[in-house]
Amino acid sequence: MQDHDKMTVLGIETSCDETGVAIYHSQKGLLADVLYSQVALHAEYGGVVPELASRDHIRKTLPLIRQALAEAGLAAEDIDGVAYTAGPGLMGALLVGASIGRSLAFGWSVPAVAVHHMEGHLLAPMLEAEPPEFPFIALLVSGGHTMLVQVDGIGQYRVLGESLDDAAGEAFDKTAKMLELGYPGGPALARLAEQGDPHRYRFPRPMTDRPGLDFSFSGLKTFTLNTLQASNKSEQTRADIARAFEEAVVDTLAIKCRRALKETGLSRLVIAGGVSANSRLRQRLHDVARKQQARVYYPRLEFCTDNGAMIAFAGTQRLLAGQHQDLAFGGKPRWKLETLSPV
């Protein structure tokens, strides 16, 4: 390996339905970033089929690694370390990235490190020109997770609140399914909501009337279903329901973010994960931050959803700190963020 603070790291992300591969250099930044989305594969089933996801990762990961190396103008011997997502996620999908990542590192005689998927999301804004400084509050909103985390440094995480049932992204997808919008539902629902009348319906803002920072979205989903079943289901009504649902989720997230900034006294808010691409949510959080004299940081749109760049970045920080995996590898479908060691 080269000198201690200079590293070129290959990152592999296969936690769900996107195969992401990237190469990150500790001083030059991101050198290559390639992604293959399985959306078309799962669309006909209306959701992710784990077995099909795993098989597709097997087909796509090595070709994407070759593509990333070619894009960066590098050969295998230029790689100083390998980072792969080890969890949380779908077990079969995680094992594909873990086995390929760990095997390549062994074959290339370089260290490997297992990365926590949510740590990747949480650090994704660090890839931007103006990264946030520690400490900050992070709102992680994706298909599988909704959580508020106090971040004091890499590996220094305190979960302030999380979803007790469905994650926000999951609620978006399930509501989109009720509205017959296809898969993936979140972006389609946001587009339909644009046509909706914001004054026709008002949906509940779950768990905002009591103290604390936890979330719950399953009751809101049921409320949406009941409203839809009692309606005439016209195109306009569906748009109005989509708007009311989106407003309720966005409002709930904004209220909790405001509360977290107030309770901790922090003035930086990071928002990451797939739902952070939602423009209404961005606008609302911008307003919240302005009123609190705080600043909001986002990853660029392509780094909101799953990607290899965030894994390569997070892995680089841990490898630079001397952390690495032994030869045994595995996936951790459930893996608590607070159990990570600090860097």
# chains A, B, ... in the order shown; residues from 1 in each chain; ligands from 1

call {"tool": "residues_around", "arguments": {"residues": "segment 110-119 of chain A", "least_positions_apart": "4", "cutoff": "9 Å", "atoms": "only C-alpha atoms", "output": "ChimeraX atom specification"}}
result
/A:1,13,15,79-89,98,101-102,104-106,123-124,140,145,154-155,273,306,310-312,314-316,318-319,323-327,329-332,335-337,340

call {"tool": "write_last_selection", "arguments": {"atoms": "C-alpha atoms", "output": "CSV table (one decimal), in the first residue's frame"}}
result
chain,number,residue,atom,x,y,z
A,1,MET,CA,0.0,0.0,0.0
A,13,GLU,CA,-22.9,-1.2,-3.0
A,15,SER,CA,-27.8,-3.7,-0.5
A,79,ILE,CA,-6.3,0.0,-5.8
A,80,ASP,CA,-5.2,0.3,-2.1
A,81,GLY,CA,-8.3,-1.0,-0.4
A,82,VAL,CA,-11.9,-2.3,-1.0
A,83,ALA,CA,-15.0,-1.1,0.8
A,84,TYR,CA,-18.3,-3.0,0.5
A,85,THR,CA,-21.8,-2.6,2.0
A,86,ALA,CA,-22.3,-5.3,4.6
A,87,GLY,CA,-25.7,-4.1,5.9
A,88,PRO,CA,-28.4,-3.3,6.5
A,89,GLY,CA,-30.2,-4.6,3.5
A,98,ALA,CA,-19.4,-8.8,0.4
A,101,GLY,CA,-15.3,-7.2,-2.4
A,102,ARG,CA,-13.6,-9.5,0.1
A,104,LEU,CA,-10.9,-9.0,-4.7
A,105,ALA,CA,-9.1,-7.5,-1.7
A,106,PHE,CA,-7.6,-10.9,-0.9
A,123,LEU,CA,-21.7,10.9,4.9
A,124,ALA,CA,-22.8,11.4,1.3
A,140,LEU,CA,-32.0,9.8,6.9
A,145,HIS,CA,-35.2,3.7,7.1
A,154,ILE,CA,-17.4,9.6,11.8
A,155,GLY,CA,-18.6,6.6,13.8
A,273,GLY,CA,-31.4,8.9,1.5
A,306,ASP,CA,-28.0,4.1,-3.2
A,310,MET,CA,-20.9,7.0,-0.6
A,311,ILE,CA,-19.6,3.5,0.3
A,312,ALA,CA,-16.1,4.2,-1.3
A,314,ALA,CA,-17.1,6.0,4.1
A,315,GLY,CA,-14.8,3.0,3.5
A,316,THR,CA,-11.8,5.3,2.8
A,318,ARG,CA,-12.2,3.8,8.0
A,319,LEU,CA,-9.3,2.3,6.0
A,323,GLN,CA,-9.8,-0.4,10.4
A,324,HIS,CA,-10.3,-3.5,8.2
A,325,GLN,CA,-12.1,-6.8,8.0
A,326,ASP,CA,-10.5,-10.2,8.5
A,327,LEU,CA,-11.0,-12.9,5.9
A,329,PHE,CA,-17.1,-12.0,5.6
A,330,GLY,CA,-20.8,-11.8,5.8
A,331,GLY,CA,-23.9,-9.6,5.6
A,332,LYS,CA,-25.8,-8.0,8.5
A,335,TRP,CA,-27.1,-3.6,12.0
A,336,LYS,CA,-27.5,-0.8,14.5
A,337,LEU,CA,-25.8,2.5,13.6
A,340,LEU,CA,-20.1,1.4,14.8

call {"tool": "select_by_dssp", "arguments": {"residues": "segment 89-153 of chain A", "states": "strand (DSSP E or B)", "output": "list in words"}}
result
Ala112, Val113, Ala114, Val115, His116, Phe136, Ile137, Ala138, Leu139, Leu140, Val141, Thr146, Met147, Leu148, Val149, Gln150, Val151, Asp152 and Gly153 of chain A

call {"tool": "write_last_selection", "arguments": {"atoms": "C-alpha atoms", "output": "compact mmCIF listing (two decimals), in the first residue's frame"}}
result
# COMPACT_ATOMS: atom_id res chain seq x y z
CA ALA A 112 -11.08 -4.64 2.91
CA VAL A 113 -13.63 -2.89 5.10
CA ALA A 114 -17.34 -3.57 5.67
CA VAL A 115 -19.41 -0.37 5.46
CA HIS A 116 -22.74 0.35 7.14
CA PHE A 136 -24.70 17.98 12.77
CA ILE A 137 -28.17 16.47 12.81
CA ALA A 138 -28.87 14.00 9.99
CA LEU A 139 -32.32 13.09 8.73
CA LEU A 140 -31.98 9.77 6.90
CA VAL A 141 -35.05 9.06 4.80
CA THR A 146 -36.38 6.98 8.60
CA MET A 147 -34.19 8.24 11.43
CA LEU A 148 -32.81 11.37 13.03
CA VAL A 149 -29.21 11.03 14.11
CA GLN A 150 -26.86 13.32 16.00
CA VAL A 151 -23.48 13.03 14.26
CA ASP A 152 -20.49 14.18 16.32
CA GLY A 153 -17.90 12.61 14.01

call {"tool": "closest_atom_pairs", "arguments": {"of": "segment 235-282 of chain A", "to": "segment 212-223 of chain A", "cutoff": "8 Å", "atoms": "only C-alpha atoms", "output": "JSON lines"}}
result
{"residue": "A:Phe245", "atom": "CA", "partner": "A:Leu220", "partner_atom": "CA", "distance": 7.7}
{"residue": "A:Val249", "atom": "CA", "partner": "A:Phe217", "partner_atom": "CA", "distance": 7.9}
{"residue": "A:Lys256", "atom": "CA", "partner": "A:Leu213", "partner_atom": "CA", "distance": 5.8}
{"residue": "A:Arg259", "atom": "CA", "partner": "A:Leu213", "partner_atom": "CA", "distance": 7.5}
{"residue": "A:Ala260", "atom": "CA", "partner": "A:Leu213", "partner_atom": "CA", "distance": 7.1}

call {"tool": "write_last_selection", "arguments": {"atoms": "all heavy atoms", "output": "short mmCIF file (atom, residue, chain, number, x, y, z; two decimals), in the first residue's frame"}}
result
data_model
loop_
_atom_site.label_atom_id
_atom_site.label_comp_id
_atom_site.auth_asym_id
_atom_site.auth_seq_id
_atom_site.Cartn_x
_atom_site.Cartn_y
_atom_site.Cartn_z
N PHE A 245 -51.25 13.47 1.11
CA PHE A 245 -50.34 12.49 1.70
C PHE A 245 -48.91 13.04 1.75
O PHE A 245 -48.24 12.99 2.78
CB PHE A 245 -50.37 11.18 0.89
CG PHE A 245 -49.30 10.21 1.30
CD1 PHE A 245 -49.46 9.40 2.42
CD2 PHE A 245 -48.09 10.13 0.60
CE1 PHE A 245 -48.45 8.53 2.83
CE2 PHE A 245 -47.08 9.28 1.00
CZ PHE A 245 -47.27 8.47 2.12
N VAL A 249 -46.49 13.82 5.11
CA VAL A 249 -45.16 13.22 5.36
C VAL A 249 -44.12 14.33 5.51
O VAL A 249 -43.32 14.34 6.45
CB VAL A 249 -44.76 12.24 4.23
CG1 VAL A 249 -43.32 11.77 4.42
CG2 VAL A 249 -45.70 11.04 4.21
N LYS A 256 -40.27 17.32 13.08
CA LYS A 256 -39.29 16.57 13.88
C LYS A 256 -37.88 17.13 13.72
O LYS A 256 -37.10 17.15 14.67
CB LYS A 256 -39.31 15.08 13.50
CG LYS A 256 -40.65 14.39 13.76
CD LYS A 256 -40.90 14.20 15.25
CE LYS A 256 -42.32 13.74 15.52
NZ LYS A 256 -42.44 12.54 16.29
N ARG A 259 -37.63 20.21 15.80
CA ARG A 259 -37.54 19.80 17.20
C ARG A 259 -36.12 19.31 17.55
O ARG A 259 -35.58 19.65 18.61
CB ARG A 259 -38.55 18.66 17.42
CG ARG A 259 -39.08 18.57 18.81
CD ARG A 259 -40.15 17.49 18.90
NE ARG A 259 -41.49 17.96 18.59
CZ ARG A 259 -42.57 17.19 18.63
NH1 ARG A 259 -42.44 15.90 18.96
NH2 ARG A 259 -43.77 17.65 18.36
N ALA A 260 -35.52 18.54 16.64
CA ALA A 260 -34.17 18.00 16.88
C ALA A 260 -33.13 19.12 16.94
O ALA A 260 -32.24 19.12 17.78
CB ALA A 260 -33.81 16.99 15.79
#

call {"tool": "closest_residue", "arguments": {"among": "A:Met126, A:Cys16, A:Val49, A:Ala193", "to": "Ser37 of chain A", "atoms": "only C-alpha atoms"}}
result
A:Cys16

call {"tool": "closest_atom_pairs", "arguments": {"of": "segment 29-83 of chain A", "to": "segment 162-177 of chain A", "cutoff": "12 Å", "atoms": "only C-alpha atoms", "output": "tab-separated table"}}
result
residue	atom	partner	partner_atom	distance
A:Ala43	CA	A:Lys177	CA	11.4
A:Tyr45	CA	A:Lys177	CA	11.3
A:Gly46	CA	A:Lys177	CA	7.8
A:Gly47	CA	A:Asp173	CA	8.7
A:Val48	CA	A:Asp173	CA	11.2

call {"tool": "atom_distance", "arguments": {"atom1": "atom CA of Gly196 of chain A", "atom2": "atom CA of His42 of chain A"}}
result
28.0 Å

call {"tool": "closest_residue", "arguments": {"among": "A:Ser99, A:Thr252, A:Gln195, A:Asn232", "to": "Arg210 of chain A", "atoms": "only C-alpha atoms"}}
result
A:Thr252
